[in-house]
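J.: This is the structure, below, for whatever I ask next.
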Amino acid sequence: MLKPVDLLMVGVGGQGTILASRVLAMAAQEAGYDIKVSEIHGMAQRGGSVVTQVRMGEKVYSPLVTESGADVVLAFEKLEGLRFLPFLKPGGIMIVNNHEIPPVPVLIGAAEYPPDILERVRTISPNTFVVDAFDIALKCGNPKAANIVLLGVLARNLPIEREIWEKALSARVPPKFLEVNRSAFAAGYEYK
Amino acid sequence: MKELLSGNAAIARGAFESGVTVAAAYPGTPSTEILELFSSYPGIYAEWAPNEKVAMEVGIGASIAGARTLVAMKHVGVNVAADPLLTFAYTGVNGGVVLVSADDPGMHSSQNEQDNRYYAKFAKIPLLEPGDSQEAKDMIGIALDISEQFDTPVMLRTTTRVSHSQGFVEIGGPKSIAIRPYVKDAKKYLMVPAFARMRRALLEERLAKLKEYSEKSPLNAIEWRGRAIGIITSGISYQYVRESLPGASVLKLGLTNPLPEKLIRQFAGGVQKLIVVEELEPFVEDQVRSLGITVSGKDLLPDTGELNVQVIAGKFAEAGLLSPSEKAPVKADGLVTAAIPGRPPVLCPGCPHRGLFFALRKLKLIATGDIGCYTLSGLPPLEAMDSCICMGASIGTAHGFGKADPELGGRTVAVIGDSTFLHSGITGLLNMVYNKGAGTVVILDNSTTAMTGHQHHPGTGSTLMGEQAQAVDFEALVRALGVKRVRVIDPLDLGEITKALQEEVAAREPSVIICRRPCILLKRATADDVILVQTEKCRGCKACLRLGCPAISMKGKLAHVDPDACTGCGLCVQVCRDGALVKGGSANA
Ligand SMILES: Cc1ncc(C[n+]2csc(CCOP(=O)(O)OP(=O)(O)O)c2C)c(N)n1
């Protein structure tokens with residue numbers, strides 16, 4: 001019996017959530033899961049929030065994660081992490097990229113970027129990983145691999161073997177970028 | 001072999017496997033990927049038509065000529081295609097035809113959430129509603145078989161959650177289906193009153209036969225579980241029902257027009273309480289009730305927006321039909337929701353649309369709008385668009401302003417994108433010229449259909465099949481409609497835009513301003529020319545912020561330009577009164 005897992009990947013258009021969700025979907029398939037992946041896109045390139053919902057289990061019906069239903073919320077951006085926090089299950093795991101992308105209301109001075117996001121997230125979810133994914137990816141050779149660092153942290157927290165993840169990564173990442181992405185994944189996987 | 005496919009990818013795959021050789025569409029979320037993906041299969045032909053009516057007509061022609069045909073559009077596209085569709089229902093087909101209507105409950109990317117199932121009933125054609133990717137693929141094949149067996153176009157209706165969710169799909173090989181011979185048959189295809197009356201009678205006969213089919217089709221099936229509650233459902237709602245009410249008996253309807261009356265009666269007779277769970281309108285529910293069956297539905301569940309597991313479980317619990325869900329909501333809600341700024345979509349840095357709207361606002365002009373990326377200019381801080389109804393509406397609306405009140409009309413500008421102008425703006429402009437309007441029309445020619453993800457159109461010089469094509473000459477086109485005042489400007493030049501707007505609005509005859517510059521996403525700027533802030537000159541007046549450019553913000557009291565986001569378009573340089581913004585930086589400098 002496979003343990004069902006619901007998760008959200010949230011961020012801002014262009015942050016590489018799509019590649020991360022493809023690798024995840026492949027790993028889940030390889031591990032024998034039924035899976036549904038739901039994306040609302042279209043406006044993604046225009047700087048709006050993007051959400052990918054992933055549900056895995058023996059048999060998945062609804063493609064949507066319910067509020068208070070996510071085992072994991074993986075936030076590629078802090079504010080988006082806060083926004084989707086109500087989807088986290090009590091006791092669920094929150095993974096937050098320590099990265100700010102101010103939205104236009106903040107840029108034009110109509111709103112403030114909340115200064116206390118990490119405290120708020122930690123208060124509500126004790127199981128929070130704050131990851132400096134860009135710095136880690138930079139050390140691995142390319143800051144663009146930050147999405148794979150985050151995927152590595154996620155992978156560590158899901159019931160799928162590491163070898164399966166690595167296989168999926170090789171299949172989904174162009175060979176040219178594989179080395180960097182492998183070390184980014186490993187750095188994420190071993191992140192404490 | 002199983003592959004993880006979105007509903008749209010599954011539809012494209014299904015069309016390929018079922019021998020579709022001709023497909024036509026106009027882009028529109030959530031339908032767009034269907035044709036994009038279908039066009040990559042071998043041995044087929046696919047095209048972007050300038051609008052949905054033309055796409056439908058191309059489909060009709062391909063079908064009469066004998067090919068299996070796919071036509072796809074978003075829900076509001078069916079409004080545009082409704083005229084040919086409703087009479088195509090009379091003529092019927094030769095090669096099978098499936099019309100995909102991709103509805104958008106919740107309006108993720110649409111101006112309304114109309115329930116297009118009524119179109120199938122209105123046109124008296126069969127309606128299929130897949131609930132996941134596998135069904136989407138399978139139902140395309142079934143739709144084409146039904147189409148040919150019953151001599152009718154078939155509508156397949158998806159919703160955003162079906163079109164854009166991925167699930168596993170069993171991949172098969174393509175069926176090779178011979179093109180059927182074309183036989184001239186005026187009584188079937190020439191819909192003059194005498195022949196149309198004959199076809200009208202056949203339409204009812206066909207519907208009666210389809211009803212029999214609907215009773216026996218495996219698409220409509222009862223799943224007996226507990227008998228206390230019986231749910232009738234279709235499409236994505238089935239998935240939500242299976243999770244929120246796992247113990248309930250379900251009549252799952254895949255073919256929802258015409259409905260299987262006997263099957264519904266049998267199901268109703270076998271359960272204590274009958275409830276229809278469907279998104280948007282009570283399409284099935286009203287019909288069940290009209291059979292004299294006691295049924296619940298919209299008295300429990302919302303008739304706007306999307307359903308989901310939570311909504312269904314919550315409403316059933318409220319009605320005492322379910323024990324309240326045990327899931328505790330995350331506490332400290334106040335802490336989460338306090339002051340979370342929204343993240344609305346915005347015009348990109350370097351977007352060629354931005355300057356026009358800045359100028360319109362500055363000149364306090366009324367802008368009747370249209371649909372495309374440029375509609376984002378209606379939101380803060382630009383707030384430069386007054387109306388947006390449907391594609392093509394801007395020009396007729398502006399003309400109406402002028403006829404109701406010439407003074408208002410004299411301050412009104414119609415703003416329309418290039419794809420939208422070719423979709424349904426041409427006739428509006430023709431009308432303005434013919435009926436002696438004096439409006440000003442701005443065509444935003446960014447060489448693409450940007451909003452839906454950069455599809456080609458008759459103005460771009462390329463086709464969906466990747467071939468070069470004749471690109472329409474916008475200047476010659478509008479002149480041919482009778483517009484004498486036509487000018488082309490660079491929308492990154494604020495001075496030129498302002499001058500053009502002032503002169504053309506003052507002119508007492510129709511005029512067209514074409515703003516020409518490709519979408520910034522088509523050709524990523526090298527950004528050697530990113531804008532630098534000369535901090536000693538910046539007084540922190542925030543004039544540059546009014547452009548709503550995501551690359552510009554305030555750092556402390558001074559303007560700041562993000563070198564990684566800036567494309568060097570230079571609009572902010574023109575807006576700055578203190579000469580504090582200059583070209584000449586470089587990314588990551
Ligand atoms: C009848 C109809 N069909 C399709 C759509 C989806 N849609 C909205 S805007 C648009 C085209 C936008 O292209 P364009 O006018 O060139 O403006 P751009 O986005 O490039 O600025 C489309 C296809 C719609 N809203 N209504």
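By convention in this document, the chains of the structure tokens carry letters A, B, ... by their order, each chain's residues are numbered from 1, and ligands are numbered from 1 in the order they are shown.
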Counting only C-alpha atoms and all ligand atoms, which protein, DNA or RNA residues come within 8 Å of ligand 1, given as a CSV table (one decimal) with N, CA, C and O atoms, in the first residue's frame?

T.:
chain,number,residue,atom,x,y,z
B,26,TYR,N,-9.3,28.5,-32.9
B,26,TYR,CA,-8.7,29.8,-32.6
B,26,TYR,C,-8.2,29.6,-31.1
B,26,TYR,O,-9.0,29.0,-30.3
B,27,PRO,N,-7.0,30.2,-30.8
B,27,PRO,CA,-6.6,30.0,-29.4
B,27,PRO,C,-7.5,30.6,-28.3
B,27,PRO,O,-8.2,31.5,-28.6
B,28,GLY,N,-7.4,30.0,-27.2
B,28,GLY,CA,-8.2,30.6,-26.0
B,28,GLY,C,-8.0,29.6,-24.9
B,28,GLY,O,-8.3,28.4,-25.0
B,29,THR,N,-7.6,30.1,-23.7
B,29,THR,CA,-7.4,29.3,-22.5
B,29,THR,C,-8.8,28.9,-22.0
B,29,THR,O,-9.7,29.7,-21.9
B,51,ASN,N,-10.8,33.3,-36.4
B,51,ASN,CA,-11.7,33.3,-35.3
B,51,ASN,C,-12.4,32.0,-35.3
B,51,ASN,O,-12.2,31.1,-36.1
B,52,GLU,N,-13.3,31.8,-34.3
B,52,GLU,CA,-13.9,30.5,-34.0
B,52,GLU,C,-15.0,30.2,-35.1
B,52,GLU,O,-15.2,29.0,-35.4
B,73,MET,N,-12.1,25.2,-29.2
B,73,MET,CA,-12.1,26.6,-28.8
B,73,MET,C,-12.5,26.7,-27.3
B,73,MET,O,-12.9,25.7,-26.7
B,74,LYS,N,-12.3,27.9,-26.8
B,74,LYS,CA,-12.7,28.1,-25.4
B,74,LYS,C,-14.2,28.4,-25.4
B,74,LYS,O,-14.8,28.6,-26.5
B,75,HIS,N,-14.8,28.3,-24.2
B,75,HIS,CA,-16.3,28.4,-24.2
B,75,HIS,C,-16.8,29.6,-24.9
B,75,HIS,O,-17.8,29.5,-25.7
B,76,VAL,N,-16.3,30.8,-24.7
B,76,VAL,CA,-16.8,32.0,-25.4
B,76,VAL,C,-16.6,31.9,-26.9
B,76,VAL,O,-17.4,32.6,-27.6
B,77,GLY,N,-15.7,31.1,-27.3
B,77,GLY,CA,-15.5,31.0,-28.7
B,77,GLY,C,-16.7,30.3,-29.4
B,77,GLY,O,-17.0,30.6,-30.6
B,78,VAL,N,-17.4,29.5,-28.6
B,78,VAL,CA,-18.6,28.9,-29.2
B,78,VAL,C,-19.7,29.9,-29.5
B,78,VAL,O,-20.5,29.7,-30.4
B,79,ASN,N,-19.7,31.0,-28.7
B,79,ASN,CA,-20.6,32.1,-29.1
B,79,ASN,C,-20.4,32.6,-30.5
B,79,ASN,O,-21.3,32.8,-31.3
B,80,VAL,N,-19.1,32.7,-30.8
B,80,VAL,CA,-18.7,33.2,-32.1
B,80,VAL,C,-19.0,32.2,-33.2
B,80,VAL,O,-19.4,32.5,-34.3
B,110,SER,N,-10.9,34.0,-18.1
B,110,SER,CA,-12.0,34.3,-19.0
B,110,SER,C,-12.8,35.5,-18.4
B,110,SER,O,-12.7,35.8,-17.2
B,111,GLN,N,-13.6,36.0,-19.3
B,111,GLN,CA,-14.4,37.1,-18.9
B,111,GLN,C,-15.8,36.7,-18.4
B,111,GLN,O,-16.6,37.5,-17.9
B,353,HIS,N,3.2,47.4,-25.1
B,353,HIS,CA,1.8,48.0,-24.9
B,353,HIS,C,1.9,49.1,-23.8
B,353,HIS,O,1.0,50.0,-23.8
B,370,ASP,N,-10.5,45.9,-25.2
B,370,ASP,CA,-10.7,44.6,-25.9
B,370,ASP,C,-9.9,43.6,-25.0
B,370,ASP,O,-9.5,43.9,-23.9
B,371,ILE,N,-9.8,42.3,-25.6
B,371,ILE,CA,-9.1,41.3,-24.8
B,371,ILE,C,-7.8,40.9,-25.3
B,371,ILE,O,-7.6,40.7,-26.5
B,372,GLY,N,-6.8,40.9,-24.4
B,372,GLY,CA,-5.5,40.5,-24.7
B,372,GLY,C,-4.6,40.9,-23.6
B,372,GLY,O,-5.1,41.3,-22.5
B,373,CYS,N,-3.3,40.7,-23.7
B,373,CYS,CA,-2.4,41.2,-22.6
B,373,CYS,C,-2.7,42.6,-22.3
B,373,CYS,O,-2.6,43.0,-21.1
B,374,TYR,N,-3.0,43.4,-23.2
B,374,TYR,CA,-3.1,44.9,-23.0
B,374,TYR,C,-4.3,45.2,-22.0
B,374,TYR,O,-4.3,46.2,-21.5
B,375,THR,N,-5.2,44.2,-21.8
B,375,THR,CA,-6.3,44.4,-20.9
B,375,THR,C,-5.7,44.6,-19.5
B,375,THR,O,-6.4,45.2,-18.6
B,390,CYS,N,-15.9,41.6,-24.9
B,390,CYS,CA,-15.6,40.4,-25.6
B,390,CYS,C,-14.6,40.8,-26.7
B,390,CYS,O,-14.4,41.9,-27.0
B,391,MET,N,-14.1,39.8,-27.4
B,391,MET,CA,-13.1,40.1,-28.4
B,391,MET,C,-13.8,40.9,-29.5
B,391,MET,O,-14.8,40.5,-30.0
B,416,ILE,N,-7.2,47.9,-29.4
B,416,ILE,CA,-7.4,46.5,-29.8
B,416,ILE,C,-6.1,45.8,-30.3
B,416,ILE,O,-5.3,46.5,-31.0
B,417,GLY,N,-5.9,44.6,-29.9
B,417,GLY,CA,-4.7,43.9,-30.3
B,417,GLY,C,-4.7,43.4,-31.7
B,417,GLY,O,-5.8,43.4,-32.3
B,418,ASP,N,-3.6,43.1,-32.3
B,418,ASP,CA,-3.6,42.6,-33.7
B,418,ASP,C,-4.4,41.4,-33.9
B,418,ASP,O,-5.2,41.3,-34.9
B,419,SER,N,-4.2,40.4,-33.1
B,419,SER,CA,-4.9,39.1,-33.2
B,419,SER,C,-6.4,39.4,-33.1
B,419,SER,O,-7.2,38.8,-33.8
B,420,THR,N,-6.7,40.2,-32.1
B,420,THR,CA,-8.2,40.5,-31.9
B,420,THR,C,-8.8,41.3,-33.0
B,420,THR,O,-9.9,41.1,-33.4
B,421,PHE,N,-8.0,42.2,-33.6
B,421,PHE,CA,-8.5,43.0,-34.7
B,421,PHE,C,-8.9,42.1,-35.9
B,421,PHE,O,-9.9,42.2,-36.5
B,444,LEU,N,-2.8,47.5,-31.6
B,444,LEU,CA,-1.6,47.1,-30.9
B,444,LEU,C,-0.9,45.9,-31.6
B,444,LEU,O,-1.3,44.8,-31.3
B,445,ASP,N,-0.1,46.2,-32.6
B,445,ASP,CA,0.5,45.2,-33.4
B,445,ASP,C,1.8,44.7,-32.8
B,445,ASP,O,2.8,45.2,-33.1
B,446,ASN,N,1.7,43.6,-32.0
B,446,ASN,CA,2.9,43.1,-31.4
B,446,ASN,C,3.3,41.8,-32.1
B,446,ASN,O,4.0,40.9,-31.6
B,447,SER,N,2.8,41.6,-33.3
B,447,SER,CA,3.1,40.4,-34.2
B,447,SER,C,2.9,39.1,-33.6
B,447,SER,O,3.5,38.1,-33.9
B,448,THR,N,1.9,39.0,-32.7
B,448,THR,CA,1.6,37.7,-32.1
B,448,THR,C,0.3,37.7,-31.3
B,448,THR,O,-0.3,38.8,-31.0
B,449,THR,N,-0.2,36.6,-31.0
B,449,THR,CA,-1.3,36.4,-30.0
B,449,THR,C,-0.7,36.1,-28.7
B,449,THR,O,-0.4,35.0,-28.3
B,450,ALA,N,-0.3,37.2,-28.0
B,450,ALA,CA,0.6,37.0,-26.8
B,450,ALA,C,-0.1,36.4,-25.6
B,450,ALA,O,0.4,35.4,-25.0
B,451,MET,N,-1.3,36.8,-25.3
B,451,MET,CA,-2.0,36.4,-24.1
B,451,MET,C,-2.1,34.9,-23.9
B,451,MET,O,-1.9,34.4,-22.9
B,452,THR,N,-2.4,34.2,-25.0
B,452,THR,CA,-2.6,32.8,-24.9
B,452,THR,C,-1.3,32.0,-25.2
B,452,THR,O,-1.4,30.8,-25.3
B,454,HIS,N,1.5,33.1,-27.5
B,454,HIS,CA,2.2,33.4,-28.7
B,454,HIS,C,1.8,32.4,-29.9
B,454,HIS,O,2.7,31.7,-30.4
B,519,CYS,N,6.2,41.7,-29.5
B,519,CYS,CA,6.1,41.3,-28.1
B,519,CYS,C,7.5,41.1,-27.6
B,519,CYS,O,8.3,40.4,-28.2

J.: Write out, as CSV, each residue of chain B that has an atom at most 6 Å from chain A, together with the closest pair of atoms and their distance in Å to one decimal, counting only C-alpha atoms, rows going by chain and rising number.

T.:
residue,atom,partner,partner_atom,distance
B:His164,CA,A:Glu39,CA,6.0
B:Ser165,CA,A:Ser38,CA,4.1
B:Gln166,CA,A:Val37,CA,4.9
B:Gly167,CA,A:Lys36,CA,4.9
B:Gln239,CA,A:Tyr61,CA,4.7
B:Tyr240,CA,A:Ser62,CA,5.4
B:Pro329,CA,A:Ser68,CA,5.5
B:Val330,CA,A:Pro86,CA,6.0
B:Arg343,CA,A:Pro103,CA,5.2
B:Pro344,CA,A:Gly48,CA,5.2
B:Pro345,CA,A:Gly48,CA,4.2
B:Val346,CA,A:Arg46,CA,5.4
B:Cys348,CA,A:Arg46,CA,5.9
B:Leu545,CA,A:Ile108,CA,5.6
B:Ser553,CA,A:Leu107,CA,4.7

J.: So how far away is atom CA of B:Asp303 from atom CA of B:Ala136, in Å?

T.: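 Computing it gives 24.2 Å between the two atoms.
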
J.: Write down as a list in words the residues belonging to stretch 305-490 of chain B that are assigned strand (DSSP E) by DSSP computed on the backbone.

T.: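 DSSP on the backbone gives strand (DSSP E) at Ile366, Ala367, Thr368, Thr412, Val413, Ala414, Val415, Ile416, Gly417, Thr440, Val441, Val442, Ile443, Leu444, Asp445, Arg485, Val486, Arg487, Val488 and Ile489 of chain B.
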
J.: Mind the document's chain letters and residue numbers, and return as a ChimeraX atom specification the residues of stretch 14-161 of chain A that DSSP labels alpha helix (DSSP H).

T.: /A:17-30,78-83,104-107,117-124,133-140,146-156

J.: List the spatial neighbours of B:Gln468 as a list of chain:residue names - criterion: any atom at most 12 Å away, only C-alpha atoms, same-chain residues fewer than 6 positions off excluded.

T.: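 My list of contacting residues is B:His456, B:His457, B:Pro458, B:Gly459, B:Thr460, B:Gly461, B:Ser462.
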
J.: List the spatial neighbours of A:Met9 as a ChimeraX atom specification - criterion: any atom at most 6 Å away, only C-alpha atoms, same-chain residues fewer than 3 positions off excluded.

T.: /A:51-52,74-75

J.: Compile the contact shell of stretch 153-169 of chain A as a list in words: residues with an atom at most 7 Å away, counting only C-alpha atoms, same-chain residues fewer than 5 positions apart removed.

T.: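 Surrounding residues, per the criterion: Val23, Met26, Ala27, Glu30, Ala31, Gly188, Tyr189 and Tyr191 of chain A.
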
J.: Calculate how many Å separate atom CA of B:Asp405 from atom CA of B:Pro510, rounding to one decimal.

T.: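 Going from atom CA of B:Asp405 over to atom CA of B:Pro510, I get 15.9 Å.
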
J.: Can you work out the spacing between atom CA of B:Met1 and atom CA of B:Arg242 in Å, to one decimal?

T.: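 Straight-line distance from atom CA of B:Met1 to atom CA of B:Arg242 works out to 26.0 Å.
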
J.: Kindly indicate which residue among B:Leu501, B:Ile513, B:Leu190, B:Ala201 lies nearest to B:Lys484, using only C-alpha atoms for the distances.

T.: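 Nearest candidate to B:Lys484 out of B:Leu501, B:Ile513, B:Leu190, B:Ala201: B:Ile513.
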